[in-house]
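Participant: Here it is, the structure in full.
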Amino acid sequence: MTVKLFYADPYLKEAVAKIEGIEVNGDNIRLKLDRTIFYPEGGGQPGDIGIIKGEGFRIDVKKVEGKEEIWHEGRIKGRLPQIGENVELELDWEWRYENMRQHTGQHILSAILKKMYNSDTTGFQIFPDYNKIEINFDEELTWEHLLAAELEANEVVWSNIPVEVNEYDELPKEIGSSLRKALPKDVTGKIRIVKIDEVDLIPCGGTHVKNTGEVGFIKIVNFYKKSKNIWRIEFVCGYRALIYLDKLLEDYWKSLDEMLNKNRPLFNRIIEVKENLEALEEEKDKLRREMWKWKSKALLQSAESINGIRVVSIVEDASMKDVQAFVVHFVDKNPDTVVLIVGSNYLIFAKNREVKDLAMNELLKEVLNEVGGSGGGSEILARGGGFKEAPEEVLRIAKALLKEKIKKS
């Protein structure tokens, strides 16, 4: 069993330990130590990172995992260490300390949400840039709800309340009945209880700061509904909160600076841009339909009539999306028409619904059998791509096969 120095003193940044196990995979190595200051990933808190070094080697620790036996994984430089050697441990203290601040901040925020709205925290995760909790909340969660909770949570932070961590072999009944969250059934060994005066009392295996003031402040930055009554809340604490808000404000001001009207709030400017875009889309649609009108007229004039069916066949260089939109419009407006269009990497076959005994998906299948590629569709509209022949040759083959079908029908 690895001795967990991070529980005895979460502020311990350096220590000496003995190697008890080694696993090597190329430049990657895993070490099991007799004791460690490295917190292993668990309970929503990331594992610690840092350095393990000995005479002639250095390991950049990027992953720490385990419960009773803790393994430290990373890239090794230098010789391979041996079991029984002593090594020096050095934490990336900024990473650890910020995680401690986030974790204690989460306890405070979750306790306040429980107190104010009777919302239980059902999930928690610390990410490098922000944290998230998931809570149950039966109503529509709003920024007003969260601002009220945020203000009260920060009052706890600024009150510099001691954060106590106690271990028990067996949980006293008076403590068990007062927990914000029940003790998990699979807990073995020592039971760790984190207490923040009258604010919170909960089992937890993470590392925490000594008093709430070290959290700095708590800022909720986003929230959204995850399922029927589960809401995800994203928040930041301490130094990470400053970095997050700085990036958010930088993005805000850069975005506002790109607007023609640079006056706040940005939301109003976005509404203006959205309205302008919608007006432009309407104008674009009018122009598109006017163009379709003249294009349809030109295509009908050059169409070939076969047994009373007007066949339009062209090689097109426009995008498949635009061509398909036109084709659907064209065959809908013109009875007794069939359209064969081939682009550089696609083909579209379509007919007016009044044209009987012709299936565009069957025609497509026959054409692709000769030129290669794949596709599919319905009797009315079929499309494909991936053919090997030149577009002009594909169109010639398609037109020849269509003529045979029309003559037989």
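Within each chain, counting starts at residue 1; across the structure tokens, chains are named A, B, ... in the order shown, with ligands numbered 1 upward in that order.
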May I have the residues within 8 Å of A:Met360 as a list in words, using only C-alpha atoms and disregarding those fewer than 3 positions away in the same chain?
Facilitator: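 Residues meeting the cut-off are Phe349, Ala350, Lys351, Leu363, Leu364, Gly377, Ser378, Glu379, Ile380, Leu381 and Ala382 of chain A.
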Participant: Which parts of stretch 189-306 of chain A does DSSP call helix (DSSP H, G or I) when run on the backbone here, written out as a CSV table (one decimal) with N, CA, C and O atoms, in the first residue's frame?
Facilitator:
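Output (selection08.csv):
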```csv
chain,number,residue,atom,x,y,z
A,212,THR,N,-11.5,28.9,3.1
A,212,THR,CA,-12.3,29.2,1.9
A,212,THR,C,-11.7,30.4,1.2
A,212,THR,O,-11.9,30.6,0.0
A,213,GLY,N,-11.0,31.3,2.0
A,213,GLY,CA,-10.5,32.5,1.3
A,213,GLY,C,-9.5,32.2,0.2
A,213,GLY,O,-9.3,32.9,-0.7
A,214,GLU,N,-8.8,31.0,0.3
A,214,GLU,CA,-7.8,30.6,-0.7
A,214,GLU,C,-8.5,30.3,-2.0
A,214,GLU,O,-7.8,30.3,-3.1
A,215,VAL,N,-9.8,30.1,-2.0
A,215,VAL,CA,-10.5,29.8,-3.3
A,215,VAL,C,-10.5,31.0,-4.2
A,215,VAL,O,-10.5,30.9,-5.4
A,238,GLY,N,-10.5,31.0,-8.5
A,238,GLY,CA,-9.1,31.4,-8.3
A,238,GLY,C,-8.5,32.0,-9.5
A,238,GLY,O,-9.1,32.7,-10.3
A,239,TYR,N,-7.2,31.6,-9.7
A,239,TYR,CA,-6.4,32.1,-10.8
A,239,TYR,C,-7.0,31.7,-12.2
A,239,TYR,O,-7.0,32.5,-13.1
A,240,ARG,N,-7.6,30.5,-12.3
A,240,ARG,CA,-8.2,30.1,-13.5
A,240,ARG,C,-9.4,31.0,-13.9
A,240,ARG,O,-9.7,31.1,-15.0
A,241,ALA,N,-10.1,31.5,-12.9
A,241,ALA,CA,-11.2,32.4,-13.1
A,241,ALA,C,-10.8,33.6,-13.8
A,241,ALA,O,-11.4,34.1,-14.8
A,242,LEU,N,-9.6,34.2,-13.4
A,242,LEU,CA,-9.1,35.4,-14.0
A,242,LEU,C,-8.7,35.1,-15.5
A,242,LEU,O,-9.0,35.9,-16.4
A,243,ILE,N,-8.1,34.0,-15.7
A,243,ILE,CA,-7.6,33.6,-17.1
A,243,ILE,C,-8.9,33.4,-18.0
A,243,ILE,O,-8.9,33.9,-19.1
A,244,TYR,N,-9.9,32.7,-17.4
A,244,TYR,CA,-11.1,32.4,-18.2
A,244,TYR,C,-11.8,33.7,-18.6
A,244,TYR,O,-12.2,33.9,-19.7
A,245,LEU,N,-12.0,34.6,-17.6
A,245,LEU,CA,-12.7,35.8,-17.8
A,245,LEU,C,-11.9,36.7,-18.8
A,245,LEU,O,-12.5,37.5,-19.6
A,246,ASP,N,-10.6,36.7,-18.7
A,246,ASP,CA,-9.8,37.5,-19.5
A,246,ASP,C,-10.0,37.1,-21.0
A,246,ASP,O,-10.1,37.9,-21.9
A,247,LYS,N,-10.0,35.8,-21.2
A,247,LYS,CA,-10.2,35.3,-22.6
A,247,LYS,C,-11.6,35.6,-23.1
A,247,LYS,O,-11.8,35.9,-24.3
A,248,LEU,N,-12.6,35.5,-22.2
A,248,LEU,CA,-13.9,35.8,-22.5
A,248,LEU,C,-14.1,37.2,-22.9
A,248,LEU,O,-14.8,37.6,-23.9
A,249,LEU,N,-13.5,38.1,-22.1
A,249,LEU,CA,-13.6,39.6,-22.4
A,249,LEU,C,-12.9,39.9,-23.7
A,249,LEU,O,-13.3,40.8,-24.5
A,250,GLU,N,-11.7,39.3,-23.9
A,250,GLU,CA,-11.0,39.5,-25.1
A,250,GLU,C,-11.8,39.2,-26.4
A,250,GLU,O,-11.9,39.9,-27.3
A,251,ASP,N,-12.4,38.0,-26.3
A,251,ASP,CA,-13.3,37.6,-27.4
A,251,ASP,C,-14.5,38.5,-27.5
A,251,ASP,O,-14.9,38.9,-28.7
A,252,TYR,N,-15.0,39.0,-26.4
A,252,TYR,CA,-16.2,39.9,-26.5
A,252,TYR,C,-15.8,41.2,-27.2
A,252,TYR,O,-16.5,41.6,-28.1
A,253,TRP,N,-14.7,41.8,-26.7
A,253,TRP,CA,-14.3,43.1,-27.3
A,253,TRP,C,-13.9,43.0,-28.8
A,253,TRP,O,-14.1,43.9,-29.6
A,254,LYS,N,-13.2,41.9,-29.1
A,254,LYS,CA,-12.8,41.7,-30.5
A,254,LYS,C,-14.0,41.5,-31.4
A,254,LYS,O,-14.0,42.1,-32.5
A,255,SER,N,-15.0,40.8,-30.9
A,255,SER,CA,-16.2,40.6,-31.6
A,255,SER,C,-17.0,41.9,-31.8
A,255,SER,O,-17.4,42.2,-32.9
A,256,LEU,N,-17.1,42.7,-30.8
A,256,LEU,CA,-17.8,43.9,-30.9
A,256,LEU,C,-17.1,44.9,-31.8
A,256,LEU,O,-17.7,45.7,-32.5
A,257,ASP,N,-15.7,44.8,-31.8
A,257,ASP,CA,-14.9,45.7,-32.6
A,257,ASP,C,-15.1,45.4,-34.1
A,257,ASP,O,-14.9,46.3,-35.0
A,266,LEU,N,-23.2,43.6,-27.0
A,266,LEU,CA,-22.9,42.8,-28.2
A,266,LEU,C,-24.1,42.1,-28.7
A,266,LEU,O,-24.3,41.9,-29.9
A,267,PHE,N,-25.0,41.7,-27.7
A,267,PHE,CA,-26.2,40.9,-28.1
A,267,PHE,C,-27.0,41.7,-29.1
A,267,PHE,O,-27.5,41.2,-30.1
A,268,ASN,N,-27.2,43.0,-28.9
A,268,ASN,CA,-28.0,43.8,-29.8
A,268,ASN,C,-27.3,43.9,-31.2
A,268,ASN,O,-28.0,44.0,-32.2
A,269,ARG,N,-26.0,44.0,-31.2
A,269,ARG,CA,-25.3,44.1,-32.4
A,269,ARG,C,-25.5,42.8,-33.2
A,269,ARG,O,-25.6,42.8,-34.5
A,270,ILE,N,-25.5,41.7,-32.5
A,270,ILE,CA,-25.6,40.4,-33.2
A,270,ILE,C,-27.0,40.3,-33.8
A,270,ILE,O,-27.2,39.7,-34.9
A,271,ILE,N,-28.0,40.8,-33.1
A,271,ILE,CA,-29.4,40.8,-33.6
A,271,ILE,C,-29.5,41.6,-34.9
A,271,ILE,O,-30.1,41.2,-35.9
A,272,GLU,N,-28.8,42.7,-34.9
A,272,GLU,CA,-28.8,43.6,-36.1
A,272,GLU,C,-28.1,42.8,-37.3
A,272,GLU,O,-28.6,42.8,-38.4
A,273,VAL,N,-27.0,42.2,-37.0
A,273,VAL,CA,-26.3,41.4,-38.1
A,273,VAL,C,-27.2,40.3,-38.5
A,273,VAL,O,-27.3,40.0,-39.8
A,274,LYS,N,-27.9,39.6,-37.6
A,274,LYS,CA,-28.8,38.5,-38.0
A,274,LYS,C,-29.9,39.0,-38.9
A,274,LYS,O,-30.3,38.4,-39.9
A,275,GLU,N,-30.5,40.1,-38.5
A,275,GLU,CA,-31.6,40.7,-39.3
A,275,GLU,C,-31.1,41.1,-40.7
A,275,GLU,O,-31.8,40.9,-41.7
A,276,ASN,N,-29.9,41.7,-40.8
A,276,ASN,CA,-29.3,42.0,-42.1
A,276,ASN,C,-29.1,40.8,-42.9
A,276,ASN,O,-29.3,40.8,-44.1
A,277,LEU,N,-28.6,39.7,-42.3
A,277,LEU,CA,-28.3,38.5,-43.0
A,277,LEU,C,-29.6,37.9,-43.5
A,277,LEU,O,-29.7,37.4,-44.7
A,278,GLU,N,-30.6,37.9,-42.7
A,278,GLU,CA,-31.9,37.4,-43.1
A,278,GLU,C,-32.5,38.2,-44.3
A,278,GLU,O,-33.0,37.6,-45.3
A,279,ALA,N,-32.3,39.5,-44.3
A,279,ALA,CA,-32.8,40.3,-45.4
A,279,ALA,C,-32.0,40.0,-46.7
A,279,ALA,O,-32.5,39.9,-47.8
A,280,LEU,N,-30.7,39.8,-46.5
A,280,LEU,CA,-29.8,39.4,-47.7
A,280,LEU,C,-30.2,38.1,-48.2
A,280,LEU,O,-30.2,37.9,-49.4
A,281,GLU,N,-30.5,37.1,-47.3
A,281,GLU,CA,-30.9,35.8,-47.8
A,281,GLU,C,-32.2,35.9,-48.6
A,281,GLU,O,-32.4,35.2,-49.6
A,282,GLU,N,-33.1,36.7,-48.1
A,282,GLU,CA,-34.4,36.9,-48.8
A,282,GLU,C,-34.1,37.5,-50.2
A,282,GLU,O,-34.7,37.0,-51.2
A,283,GLU,N,-33.3,38.5,-50.3
A,283,GLU,CA,-32.9,39.1,-51.6
A,283,GLU,C,-32.2,38.1,-52.5
A,283,GLU,O,-32.5,38.0,-53.7
A,284,LYS,N,-31.3,37.3,-51.9
A,284,LYS,CA,-30.6,36.3,-52.6
A,284,LYS,C,-31.5,35.2,-53.2
A,284,LYS,O,-31.4,34.8,-54.3
A,285,ASP,N,-32.5,34.9,-52.4
A,285,ASP,CA,-33.5,33.9,-52.8
A,285,ASP,C,-34.3,34.4,-54.0
A,285,ASP,O,-34.6,33.7,-54.9
A,286,LYS,N,-34.7,35.7,-53.9
A,286,LYS,CA,-35.4,36.3,-55.0
A,286,LYS,C,-34.6,36.3,-56.3
A,286,LYS,O,-35.1,36.0,-57.4
A,287,LEU,N,-33.3,36.7,-56.2
A,287,LEU,CA,-32.5,36.7,-57.3
A,287,LEU,C,-32.2,35.3,-57.9
A,287,LEU,O,-32.2,35.1,-59.1
A,288,ARG,N,-32.1,34.3,-57.0
A,288,ARG,CA,-31.9,32.9,-57.4
A,288,ARG,C,-33.1,32.4,-58.2
A,288,ARG,O,-33.0,31.8,-59.2
A,289,ARG,N,-34.3,32.7,-57.7
A,289,ARG,CA,-35.5,32.3,-58.4
A,289,ARG,C,-35.7,33.0,-59.7
A,289,ARG,O,-36.2,32.4,-60.7
A,290,GLU,N,-35.3,34.3,-59.8
A,290,GLU,CA,-35.3,35.0,-61.1
A,290,GLU,C,-34.4,34.3,-62.1
A,290,GLU,O,-34.7,34.2,-63.3
A,291,MET,N,-33.2,34.0,-61.5
A,291,MET,CA,-32.2,33.3,-62.4
A,291,MET,C,-32.7,31.9,-62.9
A,291,MET,O,-32.6,31.5,-64.0
A,292,TRP,N,-33.4,31.2,-61.9
A,292,TRP,CA,-34.0,29.9,-62.3
A,292,TRP,C,-35.0,30.1,-63.4
A,292,TRP,O,-35.1,29.2,-64.2
A,293,LYS,N,-35.8,31.2,-63.3
A,293,LYS,CA,-36.8,31.4,-64.3
A,293,LYS,C,-36.2,31.5,-65.7
A,293,LYS,O,-36.7,30.8,-66.7
A,294,TRP,N,-35.1,32.3,-65.9
A,294,TRP,CA,-34.5,32.4,-67.2
A,294,TRP,C,-33.7,31.2,-67.6
A,294,TRP,O,-33.7,30.8,-68.8
A,295,LYS,N,-33.1,30.5,-66.6
A,295,LYS,CA,-32.4,29.3,-66.9
A,295,LYS,C,-33.4,28.2,-67.4
A,295,LYS,O,-33.1,27.5,-68.3
A,296,SER,N,-34.5,28.1,-66.7
A,296,SER,CA,-35.5,27.1,-67.1
A,296,SER,C,-36.0,27.4,-68.5
A,296,SER,O,-36.2,26.5,-69.3
A,297,LYS,N,-36.2,28.7,-68.8
A,297,LYS,CA,-36.7,29.0,-70.2
A,297,LYS,C,-35.7,28.6,-71.3
A,297,LYS,O,-36.0,28.0,-72.3
A,298,ALA,N,-34.4,28.9,-71.0
A,298,ALA,CA,-33.3,28.5,-71.9
A,298,ALA,C,-33.2,27.0,-72.1
A,298,ALA,O,-33.1,26.5,-73.2
A,299,LEU,N,-33.3,26.3,-71.0
A,299,LEU,CA,-33.2,24.8,-71.0
A,299,LEU,C,-34.4,24.2,-71.8
A,299,LEU,O,-34.2,23.2,-72.5
A,300,LEU,N,-35.6,24.7,-71.6
A,300,LEU,CA,-36.7,24.2,-72.3
A,300,LEU,C,-36.7,24.4,-73.8
A,300,LEU,O,-37.1,23.6,-74.6
A,301,GLN,N,-36.1,25.5,-74.2
A,301,GLN,CA,-35.9,25.8,-75.6
A,301,GLN,C,-35.0,24.9,-76.3
A,301,GLN,O,-35.1,24.5,-77.4
A,302,SER,N,-34.0,24.4,-75.5
A,302,SER,CA,-33.0,23.5,-76.1
A,302,SER,C,-33.3,22.0,-75.8
A,302,SER,O,-32.5,21.1,-76.2
```
Participant: Please identify all polymer residues within 8 Å of A:Lys210, counting only C-alpha atoms, omitting same-chain residues fewer than 3 positions from it, and present them as a list in words.
Facilitator: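 These residues fall inside the cut-off: Pro162, Val163, Glu164 and Glu214 of chain A.
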Participant: Do you know which residues are at most 10 Å from A:Tyr7 counting only C-alpha atoms, after dropping those on the same chain fewer than 3 positions away, and could you put them as an NGL selection string?
Facilitator: :A and (3-4 or 10-12 or 36-37 or 39 or 165 or 167 or 192 or 205-208)
Participant: Using backbone DSSP assignments, extract all strand (DSSP E or B) residues from stretch 67-152 of chain A; output them as a compact mmCIF listing (two decimals) with all heavy atoms, in the first residue's frame.
Facilitator:
```txt
# COMPACT_ATOMS: atom_id res chain seq x y z
N TRP A 71 0.31 4.37 -9.00
CA TRP A 71 1.29 4.29 -10.08
C TRP A 71 1.46 5.66 -10.73
O TRP A 71 0.50 6.39 -10.93
CB TRP A 71 0.86 3.27 -11.13
CG TRP A 71 0.97 1.85 -10.64
CD1 TRP A 71 0.06 1.16 -9.90
CD2 TRP A 71 2.08 0.97 -10.86
NE1 TRP A 71 0.52 -0.11 -9.64
CE2 TRP A 71 1.76 -0.26 -10.22
CE3 TRP A 71 3.30 1.09 -11.52
CZ2 TRP A 71 2.62 -1.35 -10.23
CZ3 TRP A 71 4.16 0.01 -11.55
CH2 TRP A 71 3.82 -1.20 -10.90
N HIS A 72 2.72 5.97 -11.06
CA HIS A 72 3.09 7.25 -11.65
C HIS A 72 3.63 6.98 -13.05
O HIS A 72 4.60 6.21 -13.21
CB HIS A 72 4.16 7.95 -10.81
CG HIS A 72 3.82 8.01 -9.35
ND1 HIS A 72 3.81 6.88 -8.54
CD2 HIS A 72 3.51 9.06 -8.56
CE1 HIS A 72 3.49 7.24 -7.30
NE2 HIS A 72 3.31 8.55 -7.28
N GLU A 73 3.03 7.61 -14.05
CA GLU A 73 3.37 7.29 -15.45
C GLU A 73 3.89 8.52 -16.16
O GLU A 73 3.38 9.64 -15.97
CB GLU A 73 2.13 6.75 -16.17
CG GLU A 73 2.39 6.35 -17.61
CD GLU A 73 1.16 5.72 -18.24
OE1 GLU A 73 0.28 5.22 -17.49
OE2 GLU A 73 1.08 5.72 -19.48
N GLY A 74 4.91 8.34 -17.00
CA GLY A 74 5.43 9.46 -17.78
C GLY A 74 6.59 9.05 -18.67
O GLY A 74 6.97 7.88 -18.76
N ARG A 75 7.17 10.01 -19.34
CA ARG A 75 8.31 9.80 -20.23
C ARG A 75 9.60 9.85 -19.42
O ARG A 75 9.77 10.71 -18.55
CB ARG A 75 8.34 10.88 -21.30
CG ARG A 75 7.08 10.98 -22.12
CD ARG A 75 6.96 9.93 -23.17
NE ARG A 75 7.88 10.18 -24.27
CZ ARG A 75 7.92 9.45 -25.38
NH1 ARG A 75 7.10 8.40 -25.51
NH2 ARG A 75 8.76 9.73 -26.35
N ILE A 76 10.49 8.94 -19.72
CA ILE A 76 11.75 8.88 -18.99
C ILE A 76 12.90 9.38 -19.86
O ILE A 76 12.96 9.10 -21.07
CB ILE A 76 12.04 7.44 -18.48
CG1 ILE A 76 13.31 7.44 -17.62
CG2 ILE A 76 12.16 6.45 -19.63
CD1 ILE A 76 13.51 6.15 -16.85
N LYS A 77 13.81 10.09 -19.24
CA LYS A 77 15.04 10.52 -19.88
C LYS A 77 16.20 9.98 -19.06
O LYS A 77 16.23 10.15 -17.84
CB LYS A 77 15.10 12.05 -19.96
CG LYS A 77 14.00 12.68 -20.80
CD LYS A 77 14.09 14.20 -20.79
CE LYS A 77 12.97 14.82 -21.60
NZ LYS A 77 13.01 16.31 -21.54
N GLY A 78 17.13 9.34 -19.73
CA GLY A 78 18.27 8.77 -19.01
C GLY A 78 18.11 7.27 -18.82
O GLY A 78 17.35 6.59 -19.51
N ASN A 86 15.93 5.09 -4.20
CA ASN A 86 15.23 6.27 -3.72
C ASN A 86 15.13 7.30 -4.84
O ASN A 86 16.06 7.46 -5.65
CB ASN A 86 15.96 6.89 -2.52
CG ASN A 86 15.78 6.07 -1.26
OD1 ASN A 86 14.79 5.37 -1.11
ND2 ASN A 86 16.75 6.15 -0.37
N VAL A 87 14.01 8.01 -4.88
CA VAL A 87 13.79 9.04 -5.90
C VAL A 87 13.26 10.30 -5.24
O VAL A 87 12.67 10.26 -4.15
CB VAL A 87 12.79 8.57 -6.99
CG1 VAL A 87 13.41 7.51 -7.87
CG2 VAL A 87 11.50 8.04 -6.36
N GLU A 88 13.47 11.42 -5.90
CA GLU A 88 12.95 12.70 -5.43
C GLU A 88 11.67 13.04 -6.20
O GLU A 88 11.61 12.89 -7.43
CB GLU A 88 13.99 13.81 -5.65
CG GLU A 88 15.27 13.59 -4.86
CD GLU A 88 16.31 14.65 -5.17
OE1 GLU A 88 15.95 15.65 -5.83
OE2 GLU A 88 17.49 14.47 -4.78
N LEU A 89 10.67 13.50 -5.49
CA LEU A 89 9.38 13.85 -6.08
C LEU A 89 9.18 15.36 -6.02
O LEU A 89 9.41 15.98 -4.98
CB LEU A 89 8.23 13.17 -5.32
CG LEU A 89 8.40 11.70 -4.92
CD1 LEU A 89 7.14 11.21 -4.22
CD2 LEU A 89 8.71 10.83 -6.13
N GLU A 90 8.77 15.92 -7.14
CA GLU A 90 8.49 17.36 -7.20
C GLU A 90 7.15 17.57 -7.90
O GLU A 90 6.98 17.17 -9.06
CB GLU A 90 9.58 18.10 -7.97
CG GLU A 90 10.95 18.06 -7.32
CD GLU A 90 11.99 18.79 -8.15
OE1 GLU A 90 11.59 19.47 -9.13
OE2 GLU A 90 13.19 18.68 -7.84
N LEU A 91 6.21 18.20 -7.21
CA LEU A 91 4.91 18.49 -7.80
C LEU A 91 4.97 19.70 -8.72
O LEU A 91 5.75 20.63 -8.50
CB LEU A 91 3.88 18.82 -6.71
CG LEU A 91 3.22 17.68 -5.93
CD1 LEU A 91 2.17 18.28 -5.00
CD2 LEU A 91 2.58 16.66 -6.86
N THR A 121 -25.93 17.74 -6.20
CA THR A 121 -24.89 17.65 -7.23
C THR A 121 -24.72 16.18 -7.60
O THR A 121 -24.34 15.36 -6.77
CB THR A 121 -23.56 18.24 -6.73
OG1 THR A 121 -23.75 19.64 -6.49
CG2 THR A 121 -22.45 18.04 -7.75
N THR A 122 -25.00 15.86 -8.86
CA THR A 122 -24.95 14.48 -9.32
C THR A 122 -23.69 14.15 -10.11
O THR A 122 -23.44 12.99 -10.43
CB THR A 122 -26.18 14.16 -10.19
OG1 THR A 122 -26.19 15.04 -11.34
CG2 THR A 122 -27.48 14.38 -9.41
N GLY A 123 -22.90 15.17 -10.44
CA GLY A 123 -21.66 14.95 -11.17
C GLY A 123 -20.73 16.12 -11.01
O GLY A 123 -21.17 17.26 -10.81
N PHE A 124 -19.42 15.86 -11.07
CA PHE A 124 -18.42 16.91 -10.90
C PHE A 124 -17.16 16.54 -11.66
O PHE A 124 -16.74 15.39 -11.67
CB PHE A 124 -18.12 17.09 -9.40
CG PHE A 124 -16.83 17.82 -9.12
CD1 PHE A 124 -16.63 19.11 -9.58
CD2 PHE A 124 -15.81 17.24 -8.38
CE1 PHE A 124 -15.45 19.80 -9.32
CE2 PHE A 124 -14.63 17.91 -8.11
CZ PHE A 124 -14.45 19.19 -8.58
N GLN A 125 -16.57 17.53 -12.33
CA GLN A 125 -15.34 17.29 -13.07
C GLN A 125 -14.53 18.57 -13.15
O GLN A 125 -15.06 19.64 -13.44
CB GLN A 125 -15.65 16.79 -14.49
CG GLN A 125 -14.44 16.35 -15.29
CD GLN A 125 -13.92 14.99 -14.86
OE1 GLN A 125 -14.69 14.08 -14.62
NE2 GLN A 125 -12.62 14.86 -14.76
N ILE A 126 -13.22 18.47 -12.87
CA ILE A 126 -12.30 19.59 -13.06
C ILE A 126 -11.60 19.41 -14.40
O ILE A 126 -10.98 18.37 -14.66
CB ILE A 126 -11.24 19.65 -11.94
CG1 ILE A 126 -11.90 19.90 -10.58
CG2 ILE A 126 -10.20 20.73 -12.22
CD1 ILE A 126 -10.93 19.83 -9.41
N ASN A 131 -14.55 24.11 -14.67
CA ASN A 131 -15.10 22.95 -13.96
C ASN A 131 -16.58 22.83 -14.30
O ASN A 131 -17.21 23.81 -14.71
CB ASN A 131 -14.96 23.13 -12.45
CG ASN A 131 -13.65 23.76 -12.07
OD1 ASN A 131 -12.59 23.16 -12.24
ND2 ASN A 131 -13.69 24.98 -11.55
N LYS A 132 -17.12 21.65 -14.08
CA LYS A 132 -18.56 21.51 -14.29
C LYS A 132 -19.15 20.67 -13.17
O LYS A 132 -18.51 19.75 -12.64
CB LYS A 132 -18.88 20.90 -15.66
CG LYS A 132 -18.38 19.47 -15.89
CD LYS A 132 -19.39 18.42 -15.51
CE LYS A 132 -18.92 17.01 -15.88
NZ LYS A 132 -19.80 15.94 -15.35
N ILE A 133 -20.35 21.04 -12.78
CA ILE A 133 -21.15 20.20 -11.91
C ILE A 133 -22.48 19.96 -12.61
O ILE A 133 -22.88 20.73 -13.49
CB ILE A 133 -21.40 20.83 -10.52
CG1 ILE A 133 -22.05 22.21 -10.64
CG2 ILE A 133 -20.12 20.91 -9.71
CD1 ILE A 133 -22.49 22.80 -9.31
N GLU A 134 -23.13 18.88 -12.24
CA GLU A 134 -24.47 18.61 -12.73
C GLU A 134 -25.39 18.53 -11.52
O GLU A 134 -25.07 17.88 -10.53
CB GLU A 134 -24.49 17.32 -13.54
CG GLU A 134 -23.74 17.47 -14.86
CD GLU A 134 -23.51 16.16 -15.57
OE1 GLU A 134 -23.95 15.11 -15.04
OE2 GLU A 134 -22.89 16.18 -16.64
N ILE A 135 -26.52 19.23 -11.61
CA ILE A 135 -27.46 19.26 -10.49
C ILE A 135 -28.85 18.90 -10.97
O ILE A 135 -29.17 19.05 -12.16
CB ILE A 135 -27.51 20.66 -9.82
CG1 ILE A 135 -28.08 21.71 -10.81
CG2 ILE A 135 -26.12 21.08 -9.34
CD1 ILE A 135 -28.42 23.03 -10.17
N ASN A 136 -29.67 18.41 -10.05
CA ASN A 136 -31.08 18.23 -10.39
C ASN A 136 -31.84 19.50 -10.02
O ASN A 136 -31.64 20.09 -8.97
CB ASN A 136 -31.67 16.99 -9.69
CG ASN A 136 -31.43 17.01 -8.19
OD1 ASN A 136 -31.22 18.05 -7.59
ND2 ASN A 136 -31.46 15.84 -7.57
```
Participant: Fewer than 2 positions away in the same chain doesn't count, so skip those; otherwise give me all residues within 9 Å of A:Ala111, counting only C-alpha atoms, as an mmCIF file with N, CA and C atoms, in the first residue's frame.
Facilitator:
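Written out: out.cif:
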```cif
data_model
loop_
_atom_site.group_PDB
_atom_site.id
_atom_site.type_symbol
_atom_site.label_atom_id
_atom_site.label_comp_id
_atom_site.auth_asym_id
_atom_site.auth_seq_id
_atom_site.Cartn_x
_atom_site.Cartn_y
_atom_site.Cartn_z
ATOM 1 N N GLN A 106 -15.974 23.997 -5.524
ATOM 2 C CA GLN A 106 -17.123 23.156 -5.896
ATOM 3 C C GLN A 106 -17.930 22.754 -4.677
ATOM 4 N N HIS A 107 -17.251 22.396 -3.589
ATOM 5 C CA HIS A 107 -17.966 22.045 -2.359
ATOM 6 C C HIS A 107 -18.851 23.205 -1.901
ATOM 7 N N ILE A 108 -18.301 24.406 -1.962
ATOM 8 C CA ILE A 108 -19.059 25.583 -1.516
ATOM 9 C C ILE A 108 -20.266 25.813 -2.415
ATOM 10 N N LEU A 109 -20.026 25.821 -3.732
ATOM 11 C CA LEU A 109 -21.114 26.088 -4.670
ATOM 12 C C LEU A 109 -22.197 25.019 -4.574
ATOM 13 N N LEU A 113 -26.163 25.584 -3.524
ATOM 14 C CA LEU A 113 -27.260 25.170 -4.415
ATOM 15 C C LEU A 113 -28.199 24.197 -3.710
ATOM 16 N N LYS A 114 -27.628 23.362 -2.856
ATOM 17 C CA LYS A 114 -28.452 22.448 -2.058
ATOM 18 C C LYS A 114 -29.287 23.251 -1.055
ATOM 19 N N LYS A 115 -28.667 24.206 -0.410
ATOM 20 C CA LYS A 115 -29.353 25.010 0.603
ATOM 21 C C LYS A 115 -30.467 25.863 -0.020
ATOM 22 N N MET A 116 -30.191 26.499 -1.144
ATOM 23 C CA MET A 116 -31.135 27.443 -1.726
ATOM 24 C C MET A 116 -32.241 26.770 -2.530
ATOM 25 N N SER A 119 -31.080 21.332 -4.551
ATOM 26 C CA SER A 119 -30.521 20.665 -5.725
ATOM 27 C C SER A 119 -29.298 19.850 -5.335
ATOM 28 N N ASP A 120 -29.327 18.580 -5.637
ATOM 29 C CA ASP A 120 -28.187 17.715 -5.360
ATOM 30 C C ASP A 120 -27.200 17.757 -6.520
ATOM 31 N N THR A 121 -25.926 17.742 -6.202
ATOM 32 C CA THR A 121 -24.892 17.649 -7.229
ATOM 33 C C THR A 121 -24.716 16.183 -7.602
ATOM 34 N N ALA A 153 -22.349 32.035 -2.380
ATOM 35 C CA ALA A 153 -21.154 31.195 -2.352
ATOM 36 C C ALA A 153 -19.902 32.031 -2.134
ATOM 37 N N ARG A 180 -24.230 16.206 3.501
ATOM 38 C CA ARG A 180 -24.956 16.706 2.332
ATOM 39 C C ARG A 180 -25.232 15.586 1.341
ATOM 40 N N VAL A 199 -21.419 25.300 6.648
ATOM 41 C CA VAL A 199 -21.751 25.379 5.222
ATOM 42 C C VAL A 199 -21.881 24.011 4.586
ATOM 43 N N ASP A 200 -20.921 23.129 4.839
ATOM 44 C CA ASP A 200 -20.908 21.855 4.133
ATOM 45 C C ASP A 200 -20.248 20.773 4.968
ATOM 46 N N LEU A 201 -20.762 19.558 4.804
ATOM 47 C CA LEU A 201 -20.197 18.377 5.453
ATOM 48 C C LEU A 201 -20.420 17.221 4.497
#
```
